[in-house]
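Please read the structure below before turning to the comments.
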Amino acid sequence: MREKELFHAAQTGDGAAFGEWCRNHGSRIGQFGYQNGVPPGDLVLYQEAVYRAIGKQLLKIEVDQAEQALYIEAIAAFKEYARQTSSGETEELLRFEEDLEMHRAIQQLAEDRRVIFTLFYFQHMDNEAIAPLTGQSTEKIEEELAKAVELLADALQLESISQTMKRIEFLEKSYNRIQVHVQEEDLLSGVSEEEPELAIAAVARNAAPTKKVAALLVTAGLFLTGVIGASFVLNDENPKVTASADKEDQITRELIEDWRAQYKEARKTAPERMGIQQEVFDQFGYVKEADAKLKRILSDKNIKKMENNPKILEEEMTKALVSIETPKGMVASLSGMVLPAEEAQEFLHEYALKTKEIMGVVDTALLAHQEELAEMKFEGELSPEKLMGNQKRMPEELQRLLAGMHEQGLVISTHPYEERFILRRNMDALFSNEGLSMDFYTSEYTHLLQDEPYFDEQGLLVDVEFMSYVLNGMERALIESENYSRLYLEFEYIFQHSFWLMVKGSDADPIFDSKGVVHEKYQSAWKQMLIQSGNPLIYTLLPIVEEMEASGWTKSESYDALAYTDIVQALYLEKAEQLAEKMPNGDVKVEHRMVDLANFDFAETEKLYEAFSQNHDVTVLENVDPLDILFLYYYANNQEDKETMWHLTADNGWKPEKDQFLSEWRKQPDLFEDVRWVETAKDGFERNGRTLFLYPSMGYGMQGVISEPTPKLIMAENHTWLVENQLVESYVLEEEPEFVAKVKALYEKFAIDFDQDMLEDLTAGEISGMFFYAREVEDYAAMQKLSDEDVLALDADYFVHQLKVRGVPKLSEIGRLLFSSETLHYDLNLRRSGRIQYELKEADAEYMMGNGHALFQTDKGWRIGNMDMY
């Protein structure tokens with residue numbers, strides 16, 4: 001319903017419409033009060049007072065003037081509610097010290113000037129809109145705004161107006177996080193019902209709760225959701241609804257009563273299904289929201305308005321039924337449906353808030369019964385499986401909650417630092433449900449919900465090794481989401497605090513060991529966050545990692561100077577497209593280019609080759625288009641100029657010495673034989689710390705199932721692209737019997753005692769050949785011994801099961817083997833990796849054509865990776 005229609009309905013006495021009109025303004029009025037000196041504890045009462053003042057004069061207000069009237073009352077209410085905060089009063093709504101400094105400076109502005117300033121910068125009104133609210137001319141408003149900015153810059157000792165404006169921008173984002181929820185019931189009555197617990201709601205959304213009260217806040221529905229509404233009468237009659245059911249697509253009394261009965265039944269049975277007491281269920285924020293939604297939908301006025309739009313009314317009622325359902329019921333409601341992206345995001349957001357509230361109730365019960373739960377151990381460790389298998393031994397309250405866990409959409413886990421159980425969302429049903437339109441935002445959000453909460457007062461609740469990948473995904477979602485959609489509103493703070501814990505650690509999990517060296521798991525995690533992540537993580541971490549590595553991972557000036565807000569400020573700069581220019585090689589641009597190789601003219605390549613091959617001066621290659629570097633590399637390959645190829649190879653840590661490269665060199669297949677076209681996307685490069693990676697796209701003609709890897713280009717410095725060093729081994733087995741004989745002989749020697757030392761100097765292709773020959777003779781033990789350490793740790797029977805599931809072929813069934821190294825890393829240790837691919841001599845349903853496995857380079861040579869990873 002549009003704002004004007006809601007306000008007009010409110011003028012006719014429709015309390016539900018007025019409540020919705022108030023709710024549609026969100027927390028803007030509460031935020032406005034806070035910006036002008038209303039203490040956090042009074043924000044709910046202040047906002048309710050403003051809405052009640054509007055409610056008293058509804059009939060006197062023109063619909064077009066409703067918002068203006070709202071702000072007039074908001075300004076008038078400052079006289080009663082605004083006050084200077086005492087120096088000893090704690091501030092709980094602003095998380096960042098810089099924002100708190102700016103907020104306090106704003107409070108020192110003269111009242112009239114502060115009102116003008118906050119209306120302009122935080123309520124986004126122009127001078128013409130501000131004038132009637134303040135009684136000032138537009139010229140005077142312009143003067144007051146300029147003076148306010150000047151005074152703030154002086155108060156904070158900022159060097160420029162641009163710095164001041166950036167601080168104002170950051171503060172606005174923090175203001176926008178403040179959510180103030182009010183009682184919608186009786187806002188038209190003018191009667192104030194002071195309820196102290198509502199003041200807690202204004203604080204709880206932004207405060208960092210202590211361990212003792214966090215679970216209670218969540219239980220009360222205050223964390224994330226706030227408090228809305230009171231109880232509603234669900235059995236009101238609608239005498240104006242027609243009793244006829246004869247006409248098709250008509251809203252009938254029977255239809256309304258059927259909807260009402262469905263809602264009442266779902267509301268009645270939901271607590272029992274989840275094992276939650278009725279009185280606790282009634283206090284959930286999502287339940288009160290659903291009740292309010294139902295009351296508005298089935299009000300006489302709404303039904304009357306929708307009598308010619310029964311489909312719309314039905315859609316609204318369906319959403320109300322989903323809102324009151326359990327998490328399991330929500331997912332079940334998607335059966336046979338596919339939601340468009342916008343509705344899928346709305347569904348997931350509601351699911352997240354609902355499960356958060358339920359999680360609070362269960363978590364409180366777990367905390368209250370830790371003594372009984374301490375017995376649920378297996379081999380000395382708390383065991384969720386043992387707990388779920390011994391529910392009947394638990395107190396009655398826990399029995400109910402544990403039995404209802406499937407309906408709750410939750411699963412039991414264990415705390416990493418304390419001997420107690422914690423909760424996670426069970427996302428299996430959502431991952432497997434086809435009803436959600438899995439666009440980027442919903443897909444990423446679904447995965448992020450699975451591991452929330454990510455931290456508590458003890459530190460990270462997710463393994464450091466995995467958290468680096470989570471932060472990469474979280475960063476990508478925050479960068480891509482437009483205007484910080486409500487899906488990711490809370491995840492900005494989660495991203496910020498998780499990053500801080502990943503870099504600064506906690507008392508329970510410190511960064512430095514007893515010798516003052518960064519723990520290896522954090523070293524790996526920090527380096528991992530420089531790979532395949534966005535600019536904010538790289539920009540913030542790169543100087544720290546470089547300085548730490550130079551010092552032996554003991555000290556870094558950038559580490560000491562890191563501020564809590566640095567990562568989120570980098571995020572803001574990235575969203576404003578202002579961060580890339582501050583990065584190493586930040587001014588590099590790659591234009592879109594597509595080259596048809598069928599008509600390619602080598603004239604320019606020959607000129608470049610003549611200039612570079614004389615003395616291999618890399619300055620000749622500065623600012624040369626990356627595809628021209630690629631063509632130069634393959635031109636040198638065709639000329640069998642292996643020395644020029646070595647100079648064109650980037651030193652990425654794996655580049656062999658010149659003598660080794662020249663002695664091992666084999667001419668590579670001609671790029672122009674199989675490739676029809678090559679293309680680069682505009683700025684289509686990725687970043688690994690200071691290094692840029694470019695992956696050209698290639699169009700292949702008729703060829704076999706597998707082909708040589710697409711060459712990658714690297715820029716480390718001086719605006720010069722070079723070709724990444726890759727290991728490539730290609731064997732057509734029928735044409736290279738000496739290779740087959742060699743791997744058979746190597747296997748026979750290895751199978752005697754599985755001597756790992758003999759494998760150290762073998763190539764990845766030879767290790768792979770031994771692996772497939774061991775499959776030929778069904779020596780599964782040898783196959784496992786040729787594998788990586790995590791595969792060695794697997795149960796032998798499970799390993800054999802893997803081989804059968806993957807359809808690993810025998811060497812005699814393979815026509816061609818191709819190994820290539822790659823820059824993508826499949827493990828957390830950043831080891832050199834590659835992939836073996838194979839073509840079969842004859843297609844067989846048992847095997848997949850072109851299938852293959854990962855290999856990793858260890859201290860003892862190349863090893864086959866875990867096939868479970870694919």
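By convention in this document, the chains of the structure tokens carry letters A, B, ... by their order, each chain's residues are numbered from 1, and ligands are numbered from 1 in the order they are shown.
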
Would you pick out the contacts of Asn623 of chain A at 10 Å or less, using only C-alpha atoms, so that residues sharing its chain but fewer than 5 positions from it are not included, and give the list as a list in words?
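The filter keeps Val588, Lys589, Asn718, His719, Thr720 and Trp721 of chain A.
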
May I have the residues within 9 Å of Gln569 of chain A as a PyMOL selection string, using only C-alpha atoms and disregarding those fewer than 5 positions away in the same chain?
chain A and resi 170+536+574

Nearest to Tyr798 of chain A, chosen from A:Glu748, A:Tyr773, A:Asn866, A:Glu397, with only C-alpha atoms counted in the distances
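Using only C-alpha atoms, Tyr798 of chain A sits closest to A:Asn866.
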
Can you tell me, as a list in words, what residues are no more than 8 Å from His616 of chain A when counting only C-alpha atoms, ignoring any on the same chain fewer than 4 positions away?
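Contacts, with the query itself left out: Phe612, Thr644 and His647 of chain A.
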
What is the atom CA of Ala270 of chain A to atom CA of Leu398 of chain A distance in Å?
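A separation of 17.0 Å between them.
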
Could you please write out, as number ranges by chain, every residue of segment 335-564 of chain A that DSSP assigns to strand (DSSP E or B)?
A: 377-378, 381-382, 410-414, 421-425, 455-456, 459-460, 512, 518, 531
